[in-house]
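> My questions all concern the structure below.
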Amino acid sequence: MAAGLAGAKRIYLGGNGAAAEVGMIITAVLLGILAQRLMPECSNRTILPFCLFLGLALSVVGFLWALAVPGLLSSPDFV
């Protein structure tokens, strides 16, 4: 429900990055569902690497979604 509200607000705000932002929200939800399904198989010993992997995966996917913003790479502000 929170993801739906966040996506709706981002669509309402509009702008160049709206589609990429909604895509990132959907990706985060899907990764969360995947993590919940895989979590029972994790022991206390493997929980930290599992969480670090999920954080890294979300960061990489977020960067890829940022590349979908029109004109971002040609912007002088892109570092």
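Identifiers for the structure tokens are assigned positionally: chains receive A, B, ... in sequence, residues are indexed from 1 per chain, and ligands are indexed from 1 in the order shown.
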Which residues come within 8 Å of region 12-18 of chain A, counting only C-alpha atoms, excluding same-chain residues fewer than 5 positions away, as a PyMOL selection string?

chain A and resi 66+68-70

> Those residues with C-alpha atoms, as an mmCIF file, in the first residue's frame please?


```
data_model
loop_
_atom_site.group_PDB
_atom_site.id
_atom_site.type_symbol
_atom_site.label_atom_id
_atom_site.label_comp_id
_atom_site.auth_asym_id
_atom_site.auth_seq_id
_atom_site.Cartn_x
_atom_site.Cartn_y
_atom_site.Cartn_z
ATOM 1 C CA ALA A 66 18.611 6.797 -12.941
ATOM 2 C CA ALA A 68 16.625 6.012 -17.768
ATOM 3 C CA VAL A 69 15.971 9.683 -16.970
ATOM 4 C CA PRO A 70 15.876 11.592 -20.281
#
```

> Tell me which protein, DNA and RNA residues are within 9 Å of region 45-55 of chain A, counting only C-alpha atoms, leaving out same-chain ones fewer than 6 positions away, and put them as a list in words.

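Within the cut-off, the hits are Leu31, Gly32, Ala35 and Met39 of chain A.
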
> Just list the residues in region 8-65 of chain A DSSP gives helix (DSSP H, G or I) on the backbone, as a PyMOL selection string.

chain A and resi 8-13+18-41+47-65

> Could you write out that same residue set with N, CA and C atoms as a short mmCIF file (atom, residue, chain, number, x, y, z; two decimals), in the first residue's frame?


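Here's the written file again-v4.cif:
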```cif
data_model
loop_
_atom_site.label_atom_id
_atom_site.label_comp_id
_atom_site.auth_asym_id
_atom_site.auth_seq_id
_atom_site.Cartn_x
_atom_site.Cartn_y
_atom_site.Cartn_z
N ALA A 8 1.92 6.83 -6.74
CA ALA A 8 0.88 7.77 -7.15
C ALA A 8 1.33 9.20 -6.94
N LYS A 9 1.98 9.47 -5.83
CA LYS A 9 2.45 10.84 -5.57
C LYS A 9 3.53 11.22 -6.58
N ARG A 10 4.42 10.28 -6.91
CA ARG A 10 5.49 10.59 -7.87
C ARG A 10 4.91 10.85 -9.25
N ILE A 11 3.88 10.11 -9.64
CA ILE A 11 3.22 10.35 -10.92
C ILE A 11 2.53 11.71 -10.90
N TYR A 12 1.91 12.05 -9.77
CA TYR A 12 1.25 13.34 -9.63
C TYR A 12 2.25 14.49 -9.76
N LEU A 13 3.44 14.33 -9.17
CA LEU A 13 4.45 15.39 -9.25
C LEU A 13 5.01 15.54 -10.66
N ALA A 18 9.93 10.89 -13.47
CA ALA A 18 8.77 10.22 -12.85
C ALA A 18 8.71 8.73 -13.21
N ALA A 19 8.91 8.41 -14.47
CA ALA A 19 8.83 7.00 -14.87
C ALA A 19 9.95 6.18 -14.23
N ALA A 20 11.14 6.74 -14.17
CA ALA A 20 12.25 6.02 -13.55
C ALA A 20 12.01 5.85 -12.05
N GLU A 21 11.46 6.85 -11.42
CA GLU A 21 11.19 6.76 -9.98
C GLU A 21 10.13 5.71 -9.67
N VAL A 22 9.07 5.68 -10.47
CA VAL A 22 8.03 4.66 -10.27
C VAL A 22 8.62 3.27 -10.55
N GLY A 23 9.47 3.15 -11.54
CA GLY A 23 10.14 1.88 -11.81
C GLY A 23 11.00 1.45 -10.64
N MET A 24 11.67 2.39 -10.02
CA MET A 24 12.50 2.06 -8.85
C MET A 24 11.65 1.63 -7.67
N ILE A 25 10.51 2.26 -7.47
CA ILE A 25 9.61 1.87 -6.39
C ILE A 25 9.11 0.44 -6.61
N ILE A 26 8.72 0.13 -7.85
CA ILE A 26 8.24 -1.22 -8.17
C ILE A 26 9.37 -2.24 -7.97
N THR A 27 10.58 -1.89 -8.39
CA THR A 27 11.72 -2.79 -8.22
C THR A 27 12.00 -3.04 -6.74
N ALA A 28 11.93 -1.99 -5.92
CA ALA A 28 12.16 -2.16 -4.49
C ALA A 28 11.12 -3.08 -3.86
N VAL A 29 9.87 -2.95 -4.30
CA VAL A 29 8.82 -3.82 -3.78
C VAL A 29 9.08 -5.27 -4.18
N LEU A 30 9.45 -5.49 -5.43
CA LEU A 30 9.72 -6.85 -5.89
C LEU A 30 10.92 -7.47 -5.17
N LEU A 31 11.97 -6.66 -4.94
CA LEU A 31 13.11 -7.17 -4.18
C LEU A 31 12.72 -7.48 -2.74
N GLY A 32 11.83 -6.68 -2.16
CA GLY A 32 11.35 -6.95 -0.81
C GLY A 32 10.55 -8.25 -0.72
N ILE A 33 9.72 -8.48 -1.72
CA ILE A 33 8.95 -9.73 -1.75
C ILE A 33 9.88 -10.92 -1.92
N LEU A 34 10.88 -10.78 -2.80
CA LEU A 34 11.86 -11.84 -2.99
C LEU A 34 12.62 -12.11 -1.69
N ALA A 35 13.01 -11.06 -1.00
CA ALA A 35 13.74 -11.23 0.26
C ALA A 35 12.89 -11.92 1.31
N GLN A 36 11.61 -11.58 1.36
CA GLN A 36 10.71 -12.21 2.33
C GLN A 36 10.57 -13.71 2.04
N ARG A 37 10.52 -14.06 0.77
CA ARG A 37 10.38 -15.48 0.42
C ARG A 37 11.67 -16.26 0.68
N LEU A 38 12.81 -15.62 0.55
CA LEU A 38 14.08 -16.29 0.77
C LEU A 38 14.53 -16.26 2.22
N MET A 39 13.96 -15.37 3.02
CA MET A 39 14.40 -15.18 4.40
C MET A 39 14.28 -16.43 5.27
N PRO A 40 13.23 -17.24 5.18
CA PRO A 40 13.18 -18.43 6.05
C PRO A 40 14.36 -19.38 5.85
N GLU A 41 15.00 -19.35 4.69
CA GLU A 41 16.14 -20.22 4.43
C GLU A 41 17.42 -19.67 5.04
N ILE A 47 22.47 -13.89 7.70
CA ILE A 47 21.56 -12.76 7.52
C ILE A 47 22.30 -11.48 7.10
N LEU A 48 23.48 -11.23 7.66
CA LEU A 48 24.21 -10.01 7.31
C LEU A 48 24.64 -10.00 5.84
N PRO A 49 25.27 -11.05 5.34
CA PRO A 49 25.60 -11.03 3.90
C PRO A 49 24.37 -10.94 3.01
N PHE A 50 23.27 -11.57 3.44
CA PHE A 50 22.03 -11.50 2.66
C PHE A 50 21.53 -10.06 2.58
N CYS A 51 21.51 -9.37 3.71
CA CYS A 51 21.05 -7.98 3.73
C CYS A 51 21.99 -7.06 2.95
N LEU A 52 23.29 -7.30 3.06
CA LEU A 52 24.26 -6.52 2.30
C LEU A 52 24.07 -6.73 0.80
N PHE A 53 23.81 -7.97 0.41
CA PHE A 53 23.56 -8.25 -1.00
C PHE A 53 22.30 -7.53 -1.49
N LEU A 54 21.24 -7.54 -0.71
CA LEU A 54 20.01 -6.85 -1.11
C LEU A 54 20.24 -5.35 -1.24
N GLY A 55 20.99 -4.78 -0.30
CA GLY A 55 21.30 -3.35 -0.38
C GLY A 55 22.12 -3.01 -1.61
N LEU A 56 23.10 -3.84 -1.92
CA LEU A 56 23.92 -3.63 -3.11
C LEU A 56 23.08 -3.77 -4.38
N ALA A 57 22.22 -4.79 -4.41
CA ALA A 57 21.36 -5.01 -5.58
C ALA A 57 20.43 -3.82 -5.80
N LEU A 58 19.86 -3.29 -4.73
CA LEU A 58 18.97 -2.15 -4.87
C LEU A 58 19.73 -0.90 -5.31
N SER A 59 20.95 -0.74 -4.85
CA SER A 59 21.77 0.41 -5.28
C SER A 59 22.10 0.33 -6.76
N VAL A 60 22.46 -0.84 -7.23
CA VAL A 60 22.80 -1.01 -8.65
C VAL A 60 21.57 -0.78 -9.52
N VAL A 61 20.44 -1.35 -9.12
CA VAL A 61 19.21 -1.17 -9.90
C VAL A 61 18.77 0.29 -9.87
N GLY A 62 18.95 0.95 -8.74
CA GLY A 62 18.61 2.38 -8.66
C GLY A 62 19.46 3.21 -9.60
N PHE A 63 20.75 2.88 -9.71
CA PHE A 63 21.61 3.59 -10.64
C PHE A 63 21.16 3.34 -12.08
N LEU A 64 20.79 2.10 -12.38
CA LEU A 64 20.32 1.79 -13.74
C LEU A 64 19.03 2.53 -14.06
N TRP A 65 18.13 2.64 -13.08
CA TRP A 65 16.89 3.40 -13.30
C TRP A 65 17.21 4.89 -13.47
#
```
